[in-house]
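*Asks:* Here's a structure for you.
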Amino acid sequence: METETINAEPRTHLGSKHTRRMRKSGKMPAIIYGHGEKPEPITIDAHEAENLLDHHSHVIELNFNGKKSNFLIKSVQYDYLGTNPIHLDLMRVNINERVQVNVEIELRGTAKGTEEEGVVSQLLNSIEVECLLTKIPESIRASIADLGVNDDLLVKDLELPEGVTAITEADEQVAVCRIPTVTEEVEETEEGEDAMPEVIGKPKEDEASDDDK
């Protein structure tokens with residue numbers, strides 16, 4: 001497991017005004033908690049944190065208080081657009097303890113059902129797994145090559161790395177292959193003929209317009 005090391009500093013000033021100033025200077029607020037210890041507000045470099053998240057990292061190594069320690073990225077808060085991370089929750093963990101995290105699912109290949117006009121829909125983008133901190137996978141890759149029409153890919157069908165256990169329900173659907181159904185509704189008259197749309201504002205043939213009166 002590769003981890004990124006980021007320098008962290010104690011955050012002594014709290015509140016929205018100080019947080020805005022911090023973000024303008026390229027910093028990001030975060031908080032460390034867990035293991036029965038007092039929560040510690042910190043600041044980290046925003047660009048380094050964003051780069052870490054772009055690589056789907058679950059663990060971060062902080063150079064904090066004169067030593068380097070690993071922390072689990074427990075949650076990420078994004079801006080109102082849902083694009084830019086603005087706050088991290090970091091959990092203290094022992095490198096030898098098992099943790100529960102959400103890991104992204106990557107579908108690979110082309111389903112054989114597409115040759116019969118089937119369309120693949122991914123219903124689950126990630127699953128919750130339990131494993132050692134050092135064994136957290138960046139993603140779980142699943143081949144859909146054998147997925148035929150009306151076939152499902154379930155959580156229990158995923159091939160997980162050694163030492164990784166799924167917490168998500170085994171029978172939950174990850175992806176399905178279905179032929180799209182299109183329903184056409186045709187409005188018919190009582191005689192069975194297609195109804196013509198009425199043009200609003202057009203005078204009927206049996207009524208004279210004001211200019212003809």
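Scheme for the structure tokens: letters A, B, ... for chains in order shown; per-chain residue numbers from 1; ligand numbers from 1 in order shown.
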List as a list in words the protein and nucleic acid residues near range 143-149 of chain A, meaning an atom at most 8 Å away when only C-alpha atoms are counted, but skip any in the same chain fewer than 5 places from it.

*Replies:*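 Residues near the query, excluding close chain neighbours: Leu107, Arg108, Gly109, Thr110, Ala111, Lys112, Gly113, Thr114, Glu116, Gly118, Val176, Cys177, Arg178 and Ile179 of chain A.
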
*Asks:* Those selected residues, please, written with N, CA and C atoms and delivered as an mmCIF file, in the first residue's frame.

*Replies:*
```cif
data_model
loop_
_atom_site.group_PDB
_atom_site.id
_atom_site.type_symbol
_atom_site.label_atom_id
_atom_site.label_comp_id
_atom_site.auth_asym_id
_atom_site.auth_seq_id
_atom_site.Cartn_x
_atom_site.Cartn_y
_atom_site.Cartn_z
ATOM 1 N N LEU A 107 -16.055 -1.511 -13.631
ATOM 2 C CA LEU A 107 -16.481 -2.559 -14.555
ATOM 3 C C LEU A 107 -15.542 -2.602 -15.746
ATOM 4 N N ARG A 108 -15.110 -3.801 -16.099
ATOM 5 C CA ARG A 108 -14.168 -3.974 -17.201
ATOM 6 C C ARG A 108 -14.756 -4.870 -18.275
ATOM 7 N N GLY A 109 -14.394 -4.589 -19.547
ATOM 8 C CA GLY A 109 -14.817 -5.424 -20.657
ATOM 9 C C GLY A 109 -16.156 -5.011 -21.248
ATOM 10 N N THR A 110 -16.584 -5.772 -22.255
ATOM 11 C CA THR A 110 -17.857 -5.536 -22.938
ATOM 12 C C THR A 110 -18.750 -6.747 -22.751
ATOM 13 N N ALA A 111 -19.926 -6.532 -22.235
ATOM 14 C CA ALA A 111 -20.846 -7.640 -21.962
ATOM 15 C C ALA A 111 -21.287 -8.307 -23.273
ATOM 16 N N LYS A 112 -21.339 -9.635 -23.261
ATOM 17 C CA LYS A 112 -21.763 -10.355 -24.465
ATOM 18 C C LYS A 112 -23.217 -10.065 -24.801
ATOM 19 N N GLY A 113 -23.978 -9.618 -23.798
ATOM 20 C CA GLY A 113 -25.376 -9.289 -24.048
ATOM 21 C C GLY A 113 -25.566 -8.083 -24.953
ATOM 22 N N THR A 114 -24.535 -7.263 -25.105
ATOM 23 C CA THR A 114 -24.648 -6.093 -25.992
ATOM 24 C C THR A 114 -24.770 -6.517 -27.448
ATOM 25 N N GLU A 116 -26.759 -8.642 -28.416
ATOM 26 C CA GLU A 116 -28.196 -8.876 -28.597
ATOM 27 C C GLU A 116 -28.995 -7.639 -28.212
ATOM 28 N N GLY A 118 -28.545 -5.696 -25.776
ATOM 29 C CA GLY A 118 -28.635 -5.468 -24.336
ATOM 30 C C GLY A 118 -27.831 -4.246 -23.922
ATOM 31 N N VAL A 176 -26.505 -4.895 -14.225
ATOM 32 C CA VAL A 176 -27.470 -5.743 -14.932
ATOM 33 C C VAL A 176 -27.366 -5.482 -16.421
ATOM 34 N N CYS A 177 -27.763 -6.467 -17.202
ATOM 35 C CA CYS A 177 -27.816 -6.306 -18.655
ATOM 36 C C CYS A 177 -29.254 -6.570 -19.098
ATOM 37 N N ARG A 178 -29.873 -5.575 -19.672
ATOM 38 C CA ARG A 178 -31.271 -5.671 -20.072
ATOM 39 C C ARG A 178 -31.462 -5.081 -21.476
ATOM 40 N N ILE A 179 -32.475 -5.575 -22.175
ATOM 41 C CA ILE A 179 -32.872 -4.972 -23.447
ATOM 42 C C ILE A 179 -33.879 -3.875 -23.137
#
```

*Asks:* Counting only C-alpha atoms, what is within 8 Å of Met91 in chain A, bar same-chain residues fewer than 4 positions away, as a PyMOL selection string?

*Replies:* chain A and resi 32-34+71-74

*Asks:* For Gly26 in chain A, please output as an NGL selection string all residues within 12 Å (counting only C-alpha atoms; exclusion window: fewer than 4 positions along the same chain).

*Replies:* :A and (19-22 or 43-50 or 86)

*Asks:* Could you save those same residues with C-alpha atoms as a PDB file, in the first residue's frame?

*Replies:*
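What ended up in again11.pdb:
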```pdb
ATOM      1  CA  THR A  19     -11.752  28.907   7.524  1.00  0.00           C
ATOM      2  CA  ARG A  20     -12.417  31.159   4.515  1.00  0.00           C
ATOM      3  CA  ARG A  21      -9.065  32.885   4.987  1.00  0.00           C
ATOM      4  CA  MET A  22      -7.348  29.537   5.229  1.00  0.00           C
ATOM      5  CA  THR A  43      -4.668  22.320   8.353  1.00  0.00           C
ATOM      6  CA  ILE A  44      -3.145  20.646   5.305  1.00  0.00           C
ATOM      7  CA  ASP A  45      -2.192  21.756   1.810  1.00  0.00           C
ATOM      8  CA  ALA A  46      -5.356  21.797  -0.335  1.00  0.00           C
ATOM      9  CA  HIS A  47      -3.595  20.884  -3.599  1.00  0.00           C
ATOM     10  CA  GLU A  48      -1.831  17.896  -2.037  1.00  0.00           C
ATOM     11  CA  ALA A  49      -5.090  16.700  -0.492  1.00  0.00           C
ATOM     12  CA  GLU A  50      -6.962  17.011  -3.801  1.00  0.00           C
ATOM     13  CA  ILE A  86     -13.180  21.454   1.456  1.00  0.00           C
TER      14      ILE A  86
END
```

*Asks:* Write out as a PyMOL selection string all residues of chain A that backbone DSSP assigns to strand (DSSP E or B).

*Replies:* chain A and resi 4-10+27-34+37-45+59-64+67-78+85-92+98-108+119-122+126-132+139-143+152-154+165-166+173-178+188+194

*Asks:* Quick one: write out the picked residues with C-alpha atoms as a compact mmCIF listing (two decimals), in the first residue's frame?

*Replies:*
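The resulting out-v8.txt:
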```txt
# COMPACT_ATOMS: atom_id res chain seq x y z
CA GLU A 4 1.15 10.04 0.45
CA THR A 5 2.89 12.14 3.09
CA ILE A 6 1.41 15.58 3.73
CA ASN A 7 2.64 18.18 6.18
CA ALA A 8 0.01 19.14 8.75
CA GLU A 9 -0.17 22.01 11.22
CA PRO A 10 -2.37 22.52 14.30
CA LYS A 27 -5.01 25.38 2.87
CA MET A 28 -7.73 22.87 3.78
CA PRO A 29 -9.17 22.23 7.25
CA ALA A 30 -9.27 18.71 8.62
CA ILE A 31 -9.84 17.00 11.93
CA ILE A 32 -8.21 13.94 13.50
CA TYR A 33 -10.25 11.76 15.87
CA GLY A 34 -10.58 8.22 17.17
CA GLU A 37 -8.28 10.62 22.11
CA LYS A 38 -9.28 14.26 21.91
CA PRO A 39 -10.11 15.49 18.38
CA GLU A 40 -7.36 17.61 16.84
CA PRO A 41 -8.24 20.30 14.24
CA ILE A 42 -5.44 20.66 11.67
CA THR A 43 -4.67 22.32 8.35
CA ILE A 44 -3.14 20.65 5.31
CA ASP A 45 -2.19 21.76 1.81
CA VAL A 59 -4.93 6.32 3.78
CA ILE A 60 -2.91 9.46 4.32
CA GLU A 61 0.42 9.80 6.08
CA LEU A 62 0.74 13.05 8.00
CA ASN A 63 3.93 14.68 9.13
CA PHE A 64 2.44 16.16 12.28
CA LYS A 67 6.36 12.46 13.58
CA LYS A 68 4.80 10.63 10.67
CA SER A 69 1.61 8.66 11.25
CA ASN A 70 -1.00 6.96 9.04
CA PHE A 71 -4.64 8.02 9.19
CA LEU A 72 -7.75 6.65 7.53
CA ILE A 73 -9.67 9.12 5.37
CA LYS A 74 -13.08 8.51 6.91
CA SER A 75 -15.12 11.16 5.09
CA VAL A 76 -14.74 14.05 2.67
CA GLN A 77 -16.85 17.19 2.59
CA TYR A 78 -17.25 18.90 -0.80
CA PRO A 85 -13.09 18.92 -1.38
CA ILE A 86 -13.18 21.45 1.46
CA HIS A 87 -12.76 19.34 4.62
CA LEU A 88 -11.40 15.93 5.64
CA ASP A 89 -12.27 13.70 8.59
CA LEU A 90 -9.26 11.56 9.50
CA MET A 91 -9.38 8.62 11.90
CA ARG A 92 -6.55 7.38 14.05
CA ARG A 98 -9.05 -4.10 10.38
CA VAL A 99 -11.06 -1.16 9.11
CA GLN A 100 -14.29 -0.73 7.16
CA VAL A 101 -14.18 1.49 4.06
CA ASN A 102 -16.08 2.07 0.82
CA VAL A 103 -14.16 1.01 -2.28
CA GLU A 104 -15.05 1.98 -5.84
CA ILE A 105 -16.13 -0.70 -8.35
CA GLU A 106 -14.68 -0.57 -11.87
CA LEU A 107 -16.48 -2.56 -14.56
CA ARG A 108 -14.17 -3.97 -17.20
CA VAL A 119 -27.58 -2.45 -22.31
CA VAL A 120 -25.47 -2.67 -19.15
CA SER A 121 -26.46 -0.53 -16.17
CA GLN A 122 -24.20 -0.18 -13.15
CA SER A 126 -18.89 1.12 -4.58
CA ILE A 127 -19.14 -1.47 -1.82
CA GLU A 128 -18.19 -1.46 1.83
CA VAL A 129 -15.38 -3.83 2.71
CA GLU A 130 -13.40 -4.80 5.78
CA CYS A 131 -9.66 -5.41 5.71
CA LEU A 132 -6.36 -4.47 7.24
CA SER A 139 -10.65 -0.17 -6.46
CA ILE A 140 -12.36 -3.46 -7.15
CA ARG A 141 -12.28 -4.45 -10.80
CA ALA A 142 -15.04 -6.67 -12.14
CA SER A 143 -15.22 -8.22 -15.60
CA ASP A 152 -26.98 -9.80 -13.07
CA LEU A 153 -23.62 -9.19 -11.46
CA LEU A 154 -23.99 -9.47 -7.69
CA THR A 165 -14.26 -9.14 3.04
CA ALA A 166 -17.45 -7.55 1.66
CA GLN A 173 -26.94 -6.06 -7.64
CA VAL A 174 -23.80 -4.39 -8.95
CA ALA A 175 -24.75 -4.38 -12.64
CA VAL A 176 -27.47 -5.74 -14.93
CA CYS A 177 -27.82 -6.31 -18.66
CA ARG A 178 -31.27 -5.67 -20.07
CA GLU A 188 -57.05 6.72 -31.47
CA ASP A 194 -55.25 8.29 -35.37
```

*Asks:* Nearest residue to Leu123 in chain A out of A:Glu97, A:Glu172, A:Asp151, A:Glu138, using only C-alpha atoms?

*Replies:*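 For Leu123 in chain A, the nearest of the candidates is A:Glu172.
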
*Asks:* Would you list the contacts of Asp171 in chain A as a list in words, taking every protein, DNA or RNA residue within 9 Å and counting only C-alpha atoms, but skipping same-chain residues closer than 4 positions in sequence?

*Replies:*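 The filter keeps Leu154, Val155, Lys156 and Asp157 of chain A.
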
*Asks:* Between CA of Ile167 in chain A and CA of Pro137 in chain A, measure the distance and give it in Å to one decimal.

*Replies:*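 Separation between CA of Ile167 in chain A and CA of Pro137 in chain A: 14.5 Å.
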